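Below: query_27.txt (compact mmCIF, C-alpha atoms)
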```
# COMPACT_ATOMS: atom_id res chain seq x y z
CA MET A 268 0.00 0.00 0.00
CA LYS A 269 2.83 2.41 0.89
CA LYS A 270 4.57 1.73 -2.41
CA GLY A 271 1.34 2.45 -4.26
CA LEU A 272 0.87 5.78 -2.44
CA ILE A 273 4.46 6.80 -3.03
CA LEU A 274 4.18 5.90 -6.69
CA LEU A 275 0.89 7.77 -6.97
CA ALA A 276 2.38 10.85 -5.24
CA ALA A 277 5.38 10.75 -7.60
CA LEU A 278 3.08 10.49 -10.61
CA PHE A 279 1.02 13.50 -9.47
CA THR A 280 4.21 15.49 -8.87
CA VAL A 281 5.46 14.76 -12.39
CA LEU A 282 2.09 15.65 -13.91
CA PHE A 283 1.89 18.86 -11.85
CA VAL A 284 5.38 19.97 -12.89
CA ALA A 285 4.63 19.17 -16.54
CA ALA A 286 1.36 21.11 -16.39
CA CYS A 287 3.07 24.13 -14.84
CA ALA A 288 5.93 24.19 -17.36
CA GLN A 289 5.05 26.82 -19.93
CA THR A 290 6.95 28.12 -22.88
CA VAL A 291 8.13 31.70 -23.00
CA ASP A 292 6.68 33.32 -26.12
CA VAL A 293 8.76 35.33 -28.57
CA GLU A 294 7.42 38.88 -28.24
CA SER A 295 9.60 40.58 -30.85
CA VAL A 296 12.71 40.33 -32.97
CA ALA A 297 15.03 43.17 -33.98
CA VAL A 298 17.79 43.03 -36.55
CA THR A 299 20.97 45.06 -36.97
CA PRO A 300 21.91 46.70 -39.17
CA ALA A 301 18.50 48.01 -40.26
CA SER A 302 19.95 48.98 -43.63
CA VAL A 303 23.24 48.48 -45.43
CA THR A 304 24.90 49.52 -48.70
CA LEU A 305 27.44 47.10 -50.16
CA GLN A 306 29.51 46.82 -53.32
CA VAL A 307 29.14 43.67 -55.41
CA GLY A 308 31.15 40.87 -53.79
CA ALA A 309 31.13 42.37 -50.29
CA THR A 310 29.60 40.71 -47.23
CA ARG A 311 28.05 41.96 -44.01
CA ALA A 312 26.80 40.05 -40.98
CA ALA A 313 23.28 40.74 -39.76
CA SER A 314 22.29 39.91 -36.21
CA ALA A 315 18.85 39.15 -34.78
CA THR A 316 17.93 39.87 -31.16
CA VAL A 317 14.87 38.15 -29.72
CA SER A 318 12.83 39.57 -26.86
CA PRO A 319 12.51 38.42 -24.18
CA SER A 320 16.00 36.95 -24.08
CA ASP A 321 14.70 33.72 -22.48
CA ALA A 322 12.07 33.10 -25.18
CA ASP A 323 11.68 29.52 -26.37
CA ILE A 324 12.68 29.54 -30.05
CA ALA A 325 11.67 26.71 -32.37
CA SER A 326 13.38 28.05 -35.51
CA THR A 327 15.12 31.00 -37.13
CA ALA A 328 15.24 31.49 -40.91
CA TRP A 329 16.89 34.16 -43.08
CA THR A 330 15.60 34.91 -46.59
CA SER A 331 16.25 37.40 -49.41
CA SER A 332 13.56 39.06 -51.50
CA ASN A 333 15.94 39.24 -54.48
CA THR A 334 18.74 36.66 -54.64
CA SER A 335 20.14 38.22 -57.83
CA VAL A 336 21.01 41.26 -55.69
CA ALA A 337 21.81 39.81 -52.26
CA THR A 338 21.86 36.39 -50.66
CA VAL A 339 21.86 35.49 -46.98
CA ASN A 340 22.97 32.29 -45.25
CA SER A 341 21.44 30.58 -42.22
CA SER A 342 23.67 32.64 -39.90
CA GLY A 343 22.62 36.01 -41.32
CA LEU A 344 25.68 36.65 -43.48
CA ILE A 345 24.60 38.88 -46.38
CA THR A 346 26.50 38.64 -49.68
CA ALA A 347 26.14 41.33 -52.36
CA VAL A 348 25.63 39.59 -55.72
CA GLY A 349 24.49 42.26 -58.20
CA ALA A 350 23.52 45.92 -58.28
CA GLY A 351 20.04 46.74 -57.02
CA SER A 352 17.90 46.52 -53.90
CA ALA A 353 16.74 43.62 -51.74
CA THR A 354 15.12 43.03 -48.39
CA ILE A 355 16.59 40.46 -46.04
CA THR A 356 14.03 39.02 -43.64
CA VAL A 357 14.68 37.08 -40.45
CA THR A 358 11.74 34.98 -39.28
CA VAL A 359 11.74 33.66 -35.73
CA THR A 360 9.17 31.04 -34.75
CA GLY A 361 8.61 30.40 -31.06
CA GLU A 362 7.79 27.10 -29.38
CA GLY A 363 4.22 28.39 -28.99
CA SER A 364 3.99 28.77 -32.81
CA GLU A 365 4.17 32.57 -32.68
CA VAL A 366 6.02 34.10 -35.64
CA ARG A 367 7.97 37.37 -35.55
CA THR A 368 9.93 39.03 -38.36
CA ALA A 369 12.40 41.86 -38.89
CA THR A 370 14.06 43.19 -42.03
CA VAL A 371 17.28 44.65 -43.37
CA SER A 372 17.14 46.94 -46.42
CA VAL A 373 20.06 46.16 -48.71
CA THR A 374 21.37 48.35 -51.53
CA VAL A 375 24.09 46.88 -53.71
CA THR A 376 26.24 49.05 -55.95
CA ALA A 377 28.55 48.00 -58.77
CA PRO A 378 32.24 48.11 -57.94
CA VAL A 379 33.90 51.41 -58.77
CA ASP A 380 36.29 51.13 -61.71
CA PRO A 381 39.32 53.32 -60.90
CA ASP A 382 40.01 54.02 -64.60
CA PRO A 383 36.86 53.35 -66.63
CA ASP A 384 38.43 54.29 -70.00
CA PRO A 385 42.13 53.54 -69.99
CA ASP A 386 44.05 55.07 -72.87
CA PRO A 387 46.93 52.76 -73.81
CA ASP A 388 48.60 55.51 -75.83
CA PRO A 389 48.02 58.82 -74.02
CA ASP A 390 50.00 60.90 -76.57
CA PRO A 391 49.47 59.45 -80.00
CA ASP A 392 51.56 60.80 -82.83
CA PRO A 393 49.17 61.18 -85.79
CA ASP A 394 52.01 61.89 -88.25
CA PRO A 395 54.67 59.21 -88.37
```

Whole structure given in structure tokens:
Amino acid sequence: MKKGLILLAALFTVLFVAACAQTVDVESVAVTPASVTLQVGATRAASATVSPSDADIASTAWTSSNTSVATVNSSGLITAVGAGSATITVTVTGEGSEVRTATVSVTVTAPVDPDPDPDPDPDPDPDP
């Protein structure tokens, strides 16, 4: 009988603790930088901050609105691919299925050519 009561008390304790355990919802996500201008070929790391800091996160995903302009990897590293504009979005999904997003505006410029029209013969002699 004592073993049965002890076992029953242990079972109720486990069930009570499990019932009281709640996930901490993701309330918001912020990303830095908010905007960035890069030359083709350059990279920049973006960072997401979730609030509250003890939120239970199920997943984090980074995406680009225009992969011909800028790509982003799963860690938030932005790579400038071609001239133009893109929006990088980080999507954080909490354990409670709540979804929060934040964005980075990306402008990509073509590399600057130091001498766009080189003249191989700067002083041509028209009369030989």

### Query
Within 12 Å of Val373 (chain A), counting all atoms listed in the file, which residues qualify if same-chain residues fewer than 4 places away don't, as a PyMOL selection string?
chain A and resi 299-307+309-313+331-334+336-339+345-356

### Message
Please list as number ranges by chain every residue within 12 Å of Asp292 (chain A), counting all atoms listed in the file and excluding residues in the same chain fewer than 5 positions away.
### Response
A: 317-325, 359-367

Around region 345-355 of chain A, fit a box with edges along x, y and z, padding it by 5 Å on each side, then list its centre and edge lengths in Å to one decimal as JSON.
```
{"center_x": 20.8, "center_y": 42.7, "center_z": -52.2, "size_x": 21.4, "size_y": 18.1, "size_z": 22.2}
```

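One finds CA of Glu294 (chain A) at 21.5 Å from CA of Ser341 (chain A).
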
### Interatomic distance, CA of Thr368 (chain A) to CA of Thr290 (chain A) (Å, one decimal)
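Going from CA of Thr368 (chain A) over to CA of Thr290 (chain A) covers 19.2 Å.
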
### Task
Kindly give the distance, in Å, that separates CA of Ser295 (chain A) and CA of Ser335 (chain A), rounded to a single decimal.
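Interatomic distance, CA of Ser295 (chain A) to CA of Ser335 (chain A): 29.1 Å.
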
### Query
With all atoms listed in the file as the basis for distance, which of A:Thr330, A:Gln289, A:Gly308, A:Ala297 is at the shortest distance from Pro378 (chain A)?
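Among the listed residues, A:Gly308 lies closest to Pro378 (chain A).
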
Show me that you can extract region 329-393 of chain A, keeping C-alpha atoms, and write it as a PDB file, in the first residue's frame.
```pdb
ATOM      1  CA  TRP A 329      16.890  34.160 -43.075  1.00  0.00           C
ATOM      2  CA  THR A 330      15.600  34.908 -46.592  1.00  0.00           C
ATOM      3  CA  SER A 331      16.254  37.399 -49.406  1.00  0.00           C
ATOM      4  CA  SER A 332      13.562  39.063 -51.503  1.00  0.00           C
ATOM      5  CA  ASN A 333      15.940  39.235 -54.482  1.00  0.00           C
ATOM      6  CA  THR A 334      18.738  36.662 -54.637  1.00  0.00           C
ATOM      7  CA  SER A 335      20.140  38.223 -57.834  1.00  0.00           C
ATOM      8  CA  VAL A 336      21.013  41.263 -55.690  1.00  0.00           C
ATOM      9  CA  ALA A 337      21.808  39.813 -52.257  1.00  0.00           C
ATOM     10  CA  THR A 338      21.864  36.386 -50.663  1.00  0.00           C
ATOM     11  CA  VAL A 339      21.860  35.485 -46.984  1.00  0.00           C
ATOM     12  CA  ASN A 340      22.965  32.294 -45.249  1.00  0.00           C
ATOM     13  CA  SER A 341      21.439  30.581 -42.218  1.00  0.00           C
ATOM     14  CA  SER A 342      23.666  32.636 -39.896  1.00  0.00           C
ATOM     15  CA  GLY A 343      22.616  36.006 -41.323  1.00  0.00           C
ATOM     16  CA  LEU A 344      25.684  36.650 -43.482  1.00  0.00           C
ATOM     17  CA  ILE A 345      24.596  38.880 -46.377  1.00  0.00           C
ATOM     18  CA  THR A 346      26.499  38.639 -49.678  1.00  0.00           C
ATOM     19  CA  ALA A 347      26.137  41.325 -52.364  1.00  0.00           C
ATOM     20  CA  VAL A 348      25.631  39.595 -55.723  1.00  0.00           C
ATOM     21  CA  GLY A 349      24.494  42.260 -58.198  1.00  0.00           C
ATOM     22  CA  ALA A 350      23.521  45.921 -58.277  1.00  0.00           C
ATOM     23  CA  GLY A 351      20.039  46.739 -57.023  1.00  0.00           C
ATOM     24  CA  SER A 352      17.903  46.516 -53.898  1.00  0.00           C
ATOM     25  CA  ALA A 353      16.739  43.622 -51.742  1.00  0.00           C
ATOM     26  CA  THR A 354      15.120  43.035 -48.394  1.00  0.00           C
ATOM     27  CA  ILE A 355      16.592  40.464 -46.037  1.00  0.00           C
ATOM     28  CA  THR A 356      14.026  39.019 -43.637  1.00  0.00           C
ATOM     29  CA  VAL A 357      14.684  37.081 -40.451  1.00  0.00           C
ATOM     30  CA  THR A 358      11.739  34.981 -39.284  1.00  0.00           C
ATOM     31  CA  VAL A 359      11.742  33.657 -35.733  1.00  0.00           C
ATOM     32  CA  THR A 360       9.173  31.040 -34.747  1.00  0.00           C
ATOM     33  CA  GLY A 361       8.613  30.399 -31.063  1.00  0.00           C
ATOM     34  CA  GLU A 362       7.793  27.098 -29.377  1.00  0.00           C
ATOM     35  CA  GLY A 363       4.221  28.390 -28.988  1.00  0.00           C
ATOM     36  CA  SER A 364       3.991  28.768 -32.811  1.00  0.00           C
ATOM     37  CA  GLU A 365       4.173  32.568 -32.679  1.00  0.00           C
ATOM     38  CA  VAL A 366       6.021  34.097 -35.645  1.00  0.00           C
ATOM     39  CA  ARG A 367       7.966  37.372 -35.550  1.00  0.00           C
ATOM     40  CA  THR A 368       9.931  39.027 -38.363  1.00  0.00           C
ATOM     41  CA  ALA A 369      12.400  41.857 -38.889  1.00  0.00           C
ATOM     42  CA  THR A 370      14.057  43.192 -42.035  1.00  0.00           C
ATOM     43  CA  VAL A 371      17.283  44.650 -43.375  1.00  0.00           C
ATOM     44  CA  SER A 372      17.137  46.944 -46.424  1.00  0.00           C
ATOM     45  CA  VAL A 373      20.062  46.158 -48.713  1.00  0.00           C
ATOM     46  CA  THR A 374      21.370  48.347 -51.529  1.00  0.00           C
ATOM     47  CA  VAL A 375      24.091  46.876 -53.709  1.00  0.00           C
ATOM     48  CA  THR A 376      26.244  49.055 -55.947  1.00  0.00           C
ATOM     49  CA  ALA A 377      28.546  48.000 -58.768  1.00  0.00           C
ATOM     50  CA  PRO A 378      32.244  48.115 -57.939  1.00  0.00           C
ATOM     51  CA  VAL A 379      33.898  51.414 -58.766  1.00  0.00           C
ATOM     52  CA  ASP A 380      36.294  51.128 -61.711  1.00  0.00           C
ATOM     53  CA  PRO A 381      39.322  53.323 -60.904  1.00  0.00           C
ATOM     54  CA  ASP A 382      40.010  54.016 -64.602  1.00  0.00           C
ATOM     55  CA  PRO A 383      36.861  53.350 -66.633  1.00  0.00           C
ATOM     56  CA  ASP A 384      38.431  54.294 -70.002  1.00  0.00           C
ATOM     57  CA  PRO A 385      42.134  53.537 -69.990  1.00  0.00           C
ATOM     58  CA  ASP A 386      44.054  55.070 -72.870  1.00  0.00           C
ATOM     59  CA  PRO A 387      46.935  52.762 -73.807  1.00  0.00           C
ATOM     60  CA  ASP A 388      48.604  55.514 -75.833  1.00  0.00           C
ATOM     61  CA  PRO A 389      48.023  58.823 -74.022  1.00  0.00           C
ATOM     62  CA  ASP A 390      50.003  60.902 -76.565  1.00  0.00           C
ATOM     63  CA  PRO A 391      49.466  59.452 -79.997  1.00  0.00           C
ATOM     64  CA  ASP A 392      51.558  60.802 -82.832  1.00  0.00           C
ATOM     65  CA  PRO A 393      49.173  61.185 -85.795  1.00  0.00           C
TER      66      PRO A 393
END
```
